[in-house]
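Here's my_file_15.cif, which has mmCIF, C-alpha atoms:
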data_target
#
loop_
_atom_site.group_PDB
_atom_site.id
_atom_site.type_symbol
_atom_site.label_atom_id
_atom_site.label_comp_id
_atom_site.auth_asym_id
_atom_site.auth_seq_id
_atom_site.Cartn_x
_atom_site.Cartn_y
_atom_site.Cartn_z
ATOM 1 C CA MET H 1 170.095 323.338 169.638
ATOM 2 C CA LYS H 2 172.808 320.760 169.009
ATOM 3 C CA GLU H 3 175.819 320.789 171.304
ATOM 4 C CA LYS H 4 178.854 322.474 169.772
ATOM 5 C CA ILE H 5 181.876 320.277 169.090
ATOM 6 C CA PHE H 6 184.053 323.371 169.373
ATOM 7 C CA THR H 7 183.735 327.113 169.005
ATOM 8 C CA GLY H 8 186.438 329.206 167.338
ATOM 9 C CA SER H 9 189.355 327.915 165.272
ATOM 10 C CA GLY H 10 189.984 324.265 164.534
ATOM 11 C CA VAL H 11 193.268 323.713 162.719
ATOM 12 C CA ALA H 12 193.238 321.460 159.664
ATOM 13 C CA LEU H 13 196.610 320.075 160.669
ATOM 14 C CA ILE H 14 199.238 319.155 158.117
ATOM 15 C CA THR H 15 200.971 315.780 158.414
ATOM 16 C CA PRO H 16 204.755 316.132 158.727
ATOM 17 C CA PHE H 17 206.768 313.614 156.743
ATOM 18 C CA THR H 18 210.347 312.373 157.017
ATOM 19 C CA GLU H 19 212.800 312.324 154.100
ATOM 20 C CA ASN H 20 211.650 308.818 153.158
ATOM 21 C CA ARG H 21 207.999 310.036 153.176
ATOM 22 C CA GLY H 22 207.027 308.304 156.415
ATOM 23 C CA VAL H 23 205.042 310.137 159.074
ATOM 24 C CA ASP H 24 207.295 312.123 161.389
ATOM 25 C CA TYR H 25 205.550 311.380 164.664
ATOM 26 C CA THR H 26 208.040 313.358 166.753
ATOM 27 C CA LYS H 27 207.341 316.459 164.696
ATOM 28 C CA LEU H 28 203.609 315.769 164.732
ATOM 29 C CA GLY H 29 203.690 315.709 168.520
ATOM 30 C CA GLU H 30 205.559 319.028 168.591
ATOM 31 C CA MET H 31 203.012 320.585 166.254
ATOM 32 C CA ILE H 32 200.091 319.396 168.363
ATOM 33 C CA ASP H 33 201.640 320.881 171.508
ATOM 34 C CA PHE H 34 202.356 324.136 169.664
ATOM 35 C CA GLN H 35 198.781 324.394 168.439
ATOM 36 C CA ILE H 36 197.277 323.834 171.862
ATOM 37 C CA ALA H 37 199.713 326.242 173.554
ATOM 38 C CA GLU H 38 198.739 328.918 171.008
ATOM 39 C CA GLY H 39 195.025 328.606 171.684
ATOM 40 C CA THR H 40 193.722 326.435 168.868
ATOM 41 C CA ASP H 41 190.243 325.261 169.801
ATOM 42 C CA ALA H 42 190.271 321.870 168.044
ATOM 43 C CA ILE H 43 192.611 319.594 166.087
ATOM 44 C CA VAL H 44 191.357 318.265 162.748
ATOM 45 C CA ILE H 45 193.620 315.408 161.710
ATOM 46 C CA CYS H 46 193.863 313.362 158.502
ATOM 47 C CA ALA H 47 191.732 315.664 156.392
ATOM 48 C CA THR H 48 192.575 317.292 153.042
ATOM 49 C CA THR H 49 195.361 319.461 154.472
ATOM 50 C CA GLY H 50 196.728 316.406 156.256
ATOM 51 C CA GLU H 51 197.079 314.535 152.923
ATOM 52 C CA ALA H 52 194.834 311.699 154.074
ATOM 53 C CA SER H 53 194.201 310.735 150.454
ATOM 54 C CA THR H 54 197.791 309.428 150.279
ATOM 55 C CA MET H 55 197.527 307.344 153.444
ATOM 56 C CA PRO H 56 196.700 303.634 153.548
ATOM 57 C CA ASP H 57 194.178 302.847 156.277
ATOM 58 C CA SER H 58 196.774 301.468 158.684
ATOM 59 C CA GLU H 59 198.789 304.686 158.564
ATOM 60 C CA HIS H 60 195.682 306.883 158.572
ATOM 61 C CA LEU H 61 194.419 305.227 161.749
ATOM 62 C CA SER H 62 197.873 305.238 163.333
ATOM 63 C CA VAL H 63 198.056 309.027 162.923
ATOM 64 C CA ILE H 64 194.583 309.422 164.445
ATOM 65 C CA GLU H 65 195.517 307.202 167.396
ATOM 66 C CA PHE H 66 198.763 309.107 167.967
ATOM 67 C CA THR H 67 196.899 312.410 167.840
ATOM 68 C CA THR H 68 194.171 311.431 170.290
ATOM 69 C CA ASP H 69 196.791 310.089 172.710
ATOM 70 C CA LYS H 70 198.933 313.200 172.398
ATOM 71 C CA VAL H 71 196.049 315.652 172.719
ATOM 72 C CA ALA H 72 194.780 313.741 175.756
ATOM 73 C CA LYS H 73 191.412 315.556 175.773
ATOM 74 C CA ARG H 74 192.980 319.010 176.020
ATOM 75 C CA VAL H 75 190.913 320.044 172.977
ATOM 76 C CA PRO H 76 188.512 318.090 170.741
ATOM 77 C CA VAL H 77 190.061 315.874 168.056
ATOM 78 C CA ILE H 78 188.131 315.596 164.799
ATOM 79 C CA ALA H 79 189.241 312.789 162.520
ATOM 80 C CA GLY H 80 188.977 312.962 158.760
ATOM 81 C CA ALA H 81 187.169 309.766 157.836
ATOM 82 C CA GLY H 82 185.553 310.471 154.484
ATOM 83 C CA SER H 83 185.524 308.333 151.379
ATOM 84 C CA ASN H 84 183.697 308.006 148.084
ATOM 85 C CA ASP H 85 182.927 304.435 149.163
ATOM 86 C CA THR H 86 180.223 304.589 151.844
ATOM 87 C CA TYR H 87 181.226 301.303 153.431
ATOM 88 C CA HIS H 88 184.850 302.399 153.604
ATOM 89 C CA ALA H 89 183.765 305.680 155.214
ATOM 90 C CA VAL H 90 181.682 303.743 157.745
ATOM 91 C CA GLU H 91 184.644 301.568 158.732
ATOM 92 C CA LEU H 92 187.041 304.526 158.980
ATOM 93 C CA SER H 93 184.495 306.399 161.080
ATOM 94 C CA LYS H 94 183.930 303.502 163.467
ATOM 95 C CA GLN H 95 187.643 302.900 163.933
ATOM 96 C CA SER H 96 188.413 306.616 164.354
ATOM 97 C CA ILE H 97 185.909 306.928 167.186
ATOM 98 C CA ALA H 98 187.184 303.697 168.764
ATOM 99 C CA LEU H 99 190.679 305.237 168.759
ATOM 100 C CA GLY H 100 189.470 308.226 170.748
ATOM 101 C CA ALA H 101 188.412 310.861 168.220
ATOM 102 C CA ASP H 102 185.659 313.137 169.519
ATOM 103 C CA ALA H 103 184.001 313.594 166.127
ATOM 104 C CA ILE H 104 184.566 312.842 162.464
ATOM 105 C CA LEU H 105 184.807 315.036 159.387
ATOM 106 C CA SER H 106 183.193 313.380 156.377
ATOM 107 C CA VAL H 107 183.589 314.800 152.889
ATOM 108 C CA THR H 108 181.046 314.383 150.106
ATOM 109 C CA PRO H 109 181.753 311.471 147.755
ATOM 110 C CA TYR H 110 184.092 312.415 144.920
ATOM 111 C CA TYR H 111 184.727 310.985 141.442
ATOM 112 C CA ASN H 112 181.774 308.595 141.446
ATOM 113 C CA LYS H 113 179.815 311.450 143.119
ATOM 114 C CA THR H 114 176.100 310.705 143.643
ATOM 115 C CA THR H 115 172.692 312.394 143.634
ATOM 116 C CA GLN H 116 171.215 314.418 146.486
ATOM 117 C CA LYS H 117 169.224 311.310 147.419
ATOM 118 C CA GLY H 118 172.493 309.399 147.480
ATOM 119 C CA LEU H 119 174.072 312.000 149.764
ATOM 120 C CA ILE H 120 171.277 311.491 152.276
ATOM 121 C CA ALA H 121 171.812 307.723 152.160
ATOM 122 C CA HIS H 122 175.616 308.091 152.367
ATOM 123 C CA PHE H 123 175.726 310.408 155.371
ATOM 124 C CA SER H 124 172.859 308.605 157.103
ATOM 125 C CA ALA H 125 174.789 305.325 156.929
ATOM 126 C CA ILE H 126 177.880 306.978 158.400
ATOM 127 C CA ALA H 127 175.970 308.710 161.180
ATOM 128 C CA ASP H 128 174.078 305.526 162.055
ATOM 129 C CA SER H 129 177.339 303.600 162.418
ATOM 130 C CA ILE H 130 178.791 305.710 165.261
ATOM 131 C CA ASP H 131 177.682 307.258 168.509
ATOM 132 C CA ALA H 132 179.585 310.504 167.953
ATOM 133 C CA PRO H 133 179.115 313.792 166.102
ATOM 134 C CA VAL H 134 179.564 314.031 162.339
ATOM 135 C CA ILE H 135 180.755 317.181 160.587
ATOM 136 C CA VAL H 136 179.701 317.040 156.951
ATOM 137 C CA TYR H 137 182.287 318.603 154.622
ATOM 138 C CA ASN H 138 181.044 320.441 151.526
ATOM 139 C CA VAL H 139 183.885 321.427 149.205
ATOM 140 C CA PRO H 140 182.577 321.463 145.619
ATOM 141 C CA SER H 141 185.871 322.770 144.201
ATOM 142 C CA ARG H 142 187.478 319.416 145.040
ATOM 143 C CA THR H 143 184.576 316.983 144.699
ATOM 144 C CA ASN H 144 182.537 318.610 141.919
ATOM 145 C CA LEU H 145 179.486 317.890 144.060
ATOM 146 C CA ASN H 146 177.514 320.368 146.152
ATOM 147 C CA ILE H 147 175.255 319.496 149.082
ATOM 148 C CA ASP H 148 172.043 321.401 148.469
ATOM 149 C CA PRO H 149 170.497 323.261 151.434
ATOM 150 C CA SER H 150 167.364 321.136 151.066
ATOM 151 C CA THR H 151 169.527 318.025 151.513
ATOM 152 C CA LEU H 152 171.094 319.490 154.647
ATOM 153 C CA GLU H 153 167.603 320.188 155.943
ATOM 154 C CA GLU H 154 166.966 316.442 155.826
ATOM 155 C CA LEU H 155 170.391 315.471 157.172
ATOM 156 C CA CYS H 156 170.218 317.774 160.187
ATOM 157 C CA LYS H 157 167.218 315.810 161.436
ATOM 158 C CA ILE H 158 169.667 312.998 162.241
ATOM 159 C CA PRO H 159 170.726 313.638 165.863
ATOM 160 C CA ASN H 160 174.488 313.165 165.447
ATOM 161 C CA ILE H 161 174.864 315.012 162.140
ATOM 162 C CA ASN H 162 176.032 317.973 164.097
ATOM 163 C CA ALA H 163 177.721 320.472 161.778
ATOM 164 C CA ILE H 164 178.935 321.369 158.337
ATOM 165 C CA LYS H 165 182.296 322.607 157.166
ATOM 166 C CA GLU H 166 180.981 324.757 154.341
ATOM 167 C CA CYS H 167 183.088 326.099 151.478
ATOM 168 C CA ASN H 168 180.138 327.267 149.388
ATOM 169 C CA LEU H 169 179.420 330.437 151.373
ATOM 170 C CA LEU H 170 176.787 331.659 148.910
ATOM 171 C CA GLN H 171 174.297 329.121 150.210
ATOM 172 C CA VAL H 172 174.877 329.743 153.928
ATOM 173 C CA PRO H 173 171.825 332.021 154.401
ATOM 174 C CA GLU H 174 169.539 329.346 152.964
ATOM 175 C CA ILE H 175 171.205 326.657 155.087
ATOM 176 C CA LYS H 176 170.626 328.779 158.175
ATOM 177 C CA ALA H 177 167.012 329.404 157.182
ATOM 178 C CA ARG H 178 166.322 325.710 156.631
ATOM 179 C CA CYS H 179 168.363 324.191 159.460
ATOM 180 C CA GLY H 180 168.403 326.848 162.160
ATOM 181 C CA ASP H 181 170.167 325.649 165.302
ATOM 182 C CA GLU H 182 170.043 321.996 164.212
ATOM 183 C CA LEU H 183 173.242 322.349 162.182
ATOM 184 C CA ASN H 184 176.356 324.112 163.474
ATOM 185 C CA LEU H 185 178.216 326.079 160.794
ATOM 186 C CA TYR H 186 181.992 326.187 160.340
ATOM 187 C CA SER H 187 183.694 328.129 157.582
ATOM 188 C CA GLY H 188 185.907 326.082 155.308
ATOM 189 C CA GLU H 189 187.514 329.241 153.915
ATOM 190 C CA ASP H 190 190.100 331.246 155.869
ATOM 191 C CA GLY H 191 189.286 334.361 153.890
ATOM 192 C CA GLN H 192 185.619 334.275 154.878
ATOM 193 C CA ILE H 193 185.619 333.579 158.607
ATOM 194 C CA CYS H 194 183.785 336.782 159.490
ATOM 195 C CA PHE H 195 181.157 336.211 156.816
ATOM 196 C CA MET H 196 180.339 332.811 158.291
ATOM 197 C CA LEU H 197 180.253 334.134 161.848
ATOM 198 C CA SER H 198 177.981 336.985 160.812
ATOM 199 C CA ALA H 199 175.521 334.422 159.432
ATOM 200 C CA GLY H 200 175.403 332.555 162.719
ATOM 201 C CA GLY H 201 178.440 330.323 162.260
ATOM 202 C CA ILE H 202 180.497 329.267 165.269
ATOM 203 C CA GLY H 203 183.994 328.943 163.865
ATOM 204 C CA VAL H 204 186.395 327.897 161.146
ATOM 205 C CA ILE H 205 188.328 324.792 160.181
ATOM 206 C CA SER H 206 191.487 326.549 159.131
ATOM 207 C CA VAL H 207 194.576 326.011 157.008
ATOM 208 C CA MET H 208 196.100 329.346 158.054
ATOM 209 C CA ALA H 209 196.047 328.190 161.678
ATOM 210 C CA ASN H 210 198.972 325.878 160.910
ATOM 211 C CA ILE H 211 201.218 328.942 160.925
ATOM 212 C CA LEU H 212 199.032 331.443 162.833
ATOM 213 C CA PRO H 213 197.055 329.464 165.412
ATOM 214 C CA LYS H 214 196.687 332.251 167.967
ATOM 215 C CA TYR H 215 195.813 334.831 165.305
ATOM 216 C CA THR H 216 193.147 332.616 163.731
ATOM 217 C CA HIS H 217 191.690 331.825 167.139
ATOM 218 C CA GLU H 218 191.506 335.553 167.892
ATOM 219 C CA ILE H 219 189.651 336.385 164.667
ATOM 220 C CA ALA H 220 186.851 334.074 165.754
ATOM 221 C CA ALA H 221 187.054 334.861 169.467
ATOM 222 C CA LYS H 222 186.787 338.615 168.926
ATOM 223 C CA PHE H 223 183.779 338.288 166.657
ATOM 224 C CA LEU H 224 181.972 335.890 168.974
ATOM 225 C CA ALA H 225 182.698 338.167 171.951
ATOM 226 C CA GLY H 226 181.075 341.116 170.175
ATOM 227 C CA ASP H 227 184.187 342.876 168.862
ATOM 228 C CA GLN H 228 183.201 342.628 165.212
ATOM 229 C CA LYS H 229 185.409 345.518 164.104
ATOM 230 C CA GLY H 230 188.452 343.997 165.759
ATOM 231 C CA SER H 231 187.719 340.671 164.126
ATOM 232 C CA TRP H 232 187.218 342.224 160.693
ATOM 233 C CA ASP H 233 190.450 344.222 161.057
ATOM 234 C CA MET H 234 192.348 340.992 161.691
ATOM 235 C CA GLN H 235 190.570 339.209 158.834
ATOM 236 C CA ILE H 236 191.398 342.016 156.401
ATOM 237 C CA LYS H 237 195.035 342.214 157.513
ATOM 238 C CA ALA H 238 195.473 338.517 156.703
ATOM 239 C CA ILE H 239 193.806 338.526 153.269
ATOM 240 C CA ASP H 240 196.975 338.800 151.166
ATOM 241 C CA LEU H 241 198.663 336.074 153.192
ATOM 242 C CA ILE H 242 195.601 333.834 152.915
ATOM 243 C CA LYS H 243 195.461 334.285 149.141
ATOM 244 C CA THR H 244 199.127 333.320 148.924
ATOM 245 C CA LEU H 245 198.579 330.240 151.093
ATOM 246 C CA PHE H 246 196.318 329.029 148.278
ATOM 247 C CA CYS H 247 198.458 330.138 145.325
ATOM 248 C CA GLU H 248 198.921 326.458 144.465
ATOM 249 C CA VAL H 249 197.066 323.338 145.560
ATOM 250 C CA ASN H 250 196.600 323.025 149.322
ATOM 251 C CA PRO H 251 198.579 321.890 151.327
ATOM 252 C CA MET H 252 201.616 322.654 149.150
ATOM 253 C CA PRO H 253 201.859 326.349 150.120
ATOM 254 C CA VAL H 254 201.103 325.951 153.824
ATOM 255 C CA LYS H 255 203.649 323.168 154.156
ATOM 256 C CA GLU H 256 206.229 325.424 152.516
ATOM 257 C CA ALA H 257 205.192 328.204 154.906
ATOM 258 C CA CYS H 258 205.777 325.906 157.881
ATOM 259 C CA ASN H 259 209.220 325.075 156.551
ATOM 260 C CA LEU H 260 210.023 328.764 156.016
ATOM 261 C CA LEU H 261 209.212 329.250 159.704
ATOM 262 C CA GLY H 262 211.689 326.513 160.610
ATOM 263 C CA MET H 263 209.181 323.821 161.511
ATOM 264 C CA ASP H 264 210.893 321.235 159.275
ATOM 265 C CA VAL H 265 207.723 319.354 158.310
ATOM 266 C CA GLY H 266 208.996 317.844 155.065
ATOM 267 C CA ILE H 267 207.357 318.055 151.676
ATOM 268 C CA CYS H 268 204.081 316.746 150.310
ATOM 269 C CA ARG H 269 203.590 313.285 148.913
ATOM 270 C CA LEU H 270 203.140 312.863 145.187
ATOM 271 C CA PRO H 271 201.186 313.831 143.199
ATOM 272 C CA LEU H 272 201.630 317.079 145.149
ATOM 273 C CA VAL H 273 204.997 318.723 144.613
ATOM 274 C CA THR H 274 206.970 321.703 145.872
ATOM 275 C CA LEU H 275 206.021 325.256 144.922
ATOM 276 C CA THR H 276 207.439 326.932 141.856
ATOM 277 C CA ALA H 277 210.330 329.254 142.630
ATOM 278 C CA ALA H 278 208.160 332.272 141.827
ATOM 279 C CA ASN H 279 205.393 331.212 144.195
ATOM 280 C CA ARG H 280 207.861 330.310 146.919
ATOM 281 C CA GLU H 281 209.230 333.837 146.742
ATOM 282 C CA ARG H 282 205.702 335.244 146.652
ATOM 283 C CA LEU H 283 204.855 333.265 149.771
ATOM 284 C CA ARG H 284 208.006 334.383 151.570
ATOM 285 C CA ASN H 285 207.246 338.022 150.775
ATOM 286 C CA ALA H 286 203.632 337.706 151.924
ATOM 287 C CA MET H 287 204.771 336.193 155.203
ATOM 288 C CA ILE H 288 207.331 338.964 155.730
ATOM 289 C CA ASP H 289 204.773 341.644 154.862
ATOM 290 C CA PHE H 290 202.404 340.141 157.416
ATOM 291 C CA GLY H 291 205.101 340.340 160.047
ATOM 292 C CA LEU H 292 206.331 336.776 160.248
ATOM 293 C CA LYS H 293 210.056 336.114 160.616
ATOM 294 C CA VAL H 294 211.276 333.836 157.849
#
Can you present the structure in this file as C-alpha cells?
Amino acid sequence: MKEKIFTGSGVALITPFTENRGVDYTKLGEMIDFQIAEGTDAIVICATTGEASTMPDSEHLSVIEFTTDKVAKRVPVIAGAGSNDTYHAVELSKQSIALGADAILSVTPYYNKTTQKGLIAHFSAIADSIDAPVIVYNVPSRTNLNIDPSTLEELCKIPNINAIKECNLLQVPEIKARCGDELNLYSGEDGQICFMLSAGGIGVISVMANILPKYTHEIAAKFLAGDQKGSWDMQIKAIDLIKTLFCEVNPMPVKEACNLLGMDVGICRLPLVTLTAANRERLRNAMIDFGLKV
C-alpha cells in the first residue's frame, strides 16, 4: 500500500487577485489560515481553480513558495505543476518540490493530447524527475483526453505515482480492480465524494471547500469513520449548491461565492469573466438556501 498524501478534503484553492490583476498575497495568506483553521486536510495550489493557466512561471512558482512558507507544514501542500509540454511539466515539478511542496498534481496533456503510450511516457518522465509523490489528474471534460484504467495499471507500478484525482467516476471500479492499493483515489467532483469513498477512495480535491472547508472535511471524515448515512446526508444537502458552483466555468462561480461571503478575492483573469446577472442571483439564492449568510 502506498502512503497517503492526505485523507479527507484537500481544497483546490482559488488565487485572489488585486484590482490590477496581480496576486493578492495578503488575502492568500488569510485564506490559507482560514482553510487550516476550518479543518481542511490539504492545500492544492496553482491548479485549475487557482487559474494557473494564466500565470507565467515566475508568478506560478512565487505563489507556490508563498503557500509552502505560509502553511509551514501544518497540512500537506500539493502544487499544480502540469503542462502539455512534458519538459515544461518536469521543470515545474522539480522547482515546486524544491520550494517545499509535499507533492505535485499533474494534469493530462491538453490540446496536443497524446496516446495512452504517450501518457505513460509523459507521467513517467515527471515522476522520474522528482523524489516526491505525484497525483495524476484525469479531467477529460477539460483536456478531451481520458487516462484508461489499463494505463493507470502501468503507471501505478512507478513508486512515486501515488494517486489520481479522478473526474471520470464511471471507470473507478475498473481502476480499483486493476490498481488495488497501489493507487490512492481522490474524487475530482464535489457532487460525487461519497461515491468515490464507497469505491475505496480516500478523499476529494474540492472546489466547494473554498467556501465550506469544514463541511467538506466532515463529508469525508464521517464516511471514513463509518458514518455513511451522516456523510450521505451532508452530500445530498449540498447538491443544489454544488450544481450552482459549476453553473459557469470554474472558478468563475466559486470566486463570486467567495466575494458574496465578503472574502474580497477579486475577479478571474481573462478569458474568464464575471457571472451573468441571472447566474449571480442563482448562486446567491443557492447559498442562502444552504444556510450561508450573504
Could you check how far atom CA of Val207 of chain H sits from atom CA of Ile175 of chain H, in Å to one decimal?
23.5 Å
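Reported to one decimal place, the separation of atom CA of Met234 of chain H from atom CA of Cys268 of chain H is 29.2 Å.
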Could you name the residues that touch segment 64-81 of chain H at 8 Å or less, counting all atoms listed in the file, but leaving out those on the same chain fewer than 3 positions away, as a VMD selection string?
chain H and resid 5 to 6 25 29 32 to 33 36 41 to 47 52 60 to 61 89 92 to 93 96 99 to 107
Could you tell me which residues the PyMOL selection byres ((chain H and resi 200) around 12) grabs in this file, written as a PDB file with C-alpha atoms, in the coordinates of the input?
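Wrote it out as selection_28.pdb, contents follow:
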ATOM      1  CA  THR H   7     183.735 327.113 169.005  1.00  0.00           C
ATOM      2  CA  VAL H 172     174.877 329.743 153.928  1.00  0.00           C
ATOM      3  CA  PRO H 173     171.825 332.021 154.401  1.00  0.00           C
ATOM      4  CA  GLU H 174     169.539 329.346 152.964  1.00  0.00           C
ATOM      5  CA  ILE H 175     171.205 326.657 155.087  1.00  0.00           C
ATOM      6  CA  LYS H 176     170.626 328.779 158.175  1.00  0.00           C
ATOM      7  CA  ALA H 177     167.012 329.404 157.182  1.00  0.00           C
ATOM      8  CA  CYS H 179     168.363 324.191 159.460  1.00  0.00           C
ATOM      9  CA  GLY H 180     168.403 326.848 162.160  1.00  0.00           C
ATOM     10  CA  ASP H 181     170.167 325.649 165.302  1.00  0.00           C
ATOM     11  CA  GLU H 182     170.043 321.996 164.212  1.00  0.00           C
ATOM     12  CA  LEU H 183     173.242 322.349 162.182  1.00  0.00           C
ATOM     13  CA  ASN H 184     176.356 324.112 163.474  1.00  0.00           C
ATOM     14  CA  LEU H 185     178.216 326.079 160.794  1.00  0.00           C
ATOM     15  CA  TYR H 186     181.992 326.187 160.340  1.00  0.00           C
ATOM     16  CA  SER H 187     183.694 328.129 157.582  1.00  0.00           C
ATOM     17  CA  ILE H 193     185.619 333.579 158.607  1.00  0.00           C
ATOM     18  CA  CYS H 194     183.785 336.782 159.490  1.00  0.00           C
ATOM     19  CA  PHE H 195     181.157 336.211 156.816  1.00  0.00           C
ATOM     20  CA  MET H 196     180.339 332.811 158.291  1.00  0.00           C
ATOM     21  CA  LEU H 197     180.253 334.134 161.848  1.00  0.00           C
ATOM     22  CA  SER H 198     177.981 336.985 160.812  1.00  0.00           C
ATOM     23  CA  ALA H 199     175.521 334.422 159.432  1.00  0.00           C
ATOM     24  CA  GLY H 201     178.440 330.323 162.260  1.00  0.00           C
ATOM     25  CA  ILE H 202     180.497 329.267 165.269  1.00  0.00           C
ATOM     26  CA  GLY H 203     183.994 328.943 163.865  1.00  0.00           C
ATOM     27  CA  ALA H 220     186.851 334.074 165.754  1.00  0.00           C
ATOM     28  CA  PHE H 223     183.779 338.288 166.657  1.00  0.00           C
ATOM     29  CA  LEU H 224     181.972 335.890 168.974  1.00  0.00           C
TER      30      LEU H 224
END
Mind giving me the straight-line distance from atom CA of Asn138 of chain H to atom CA of Thr108 of chain H in Å, one decimal?
6.2 Å
Please list as a PyMOL selection string every residue within 12 Å of Lys255 of chain H, counting all atoms listed in the file and excluding residues in the same chain fewer than 4 positions away.
chain H and resi 12-17+49-51+207-211+245-246+248-251+259-269+272-275+280+283
Between H:Asn160, H:Thr151, H:Thr143, H:Asn168, which is the closest to Gly82 of chain H once you count all atoms listed in the file?
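For Gly82 of chain H, the nearest of the candidates is H:Thr143.
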Could you check which of H:Cys247, H:Ala132, H:Ile288, H:Ile120 is closest to Cys156 of chain H, using only C-alpha atoms?
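That would be H:Ile120, the residue with the smallest distance to Cys156 of chain H.
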Among the residues H:Lys229, H:Lys117, H:Asp57, H:Arg178, the one that comes closest to Glu153 of chain H [using all atoms listed in the file]
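Going through H:Lys229, H:Lys117, H:Asp57, H:Arg178 one by one, the smallest distance to Glu153 of chain H is for H:Arg178.
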Would you compute, for all listed atoms of segment 229-234 of chain H, the axis-aligned bounding box grown by 5 Å on each side, and then report its centre and edge lengths in Å rounded to one decimal, as JSON?
{"center_x": 188.9, "center_y": 343.1, "center_z": 163.2, "size_x": 16.9, "size_y": 14.8, "size_z": 15.1}
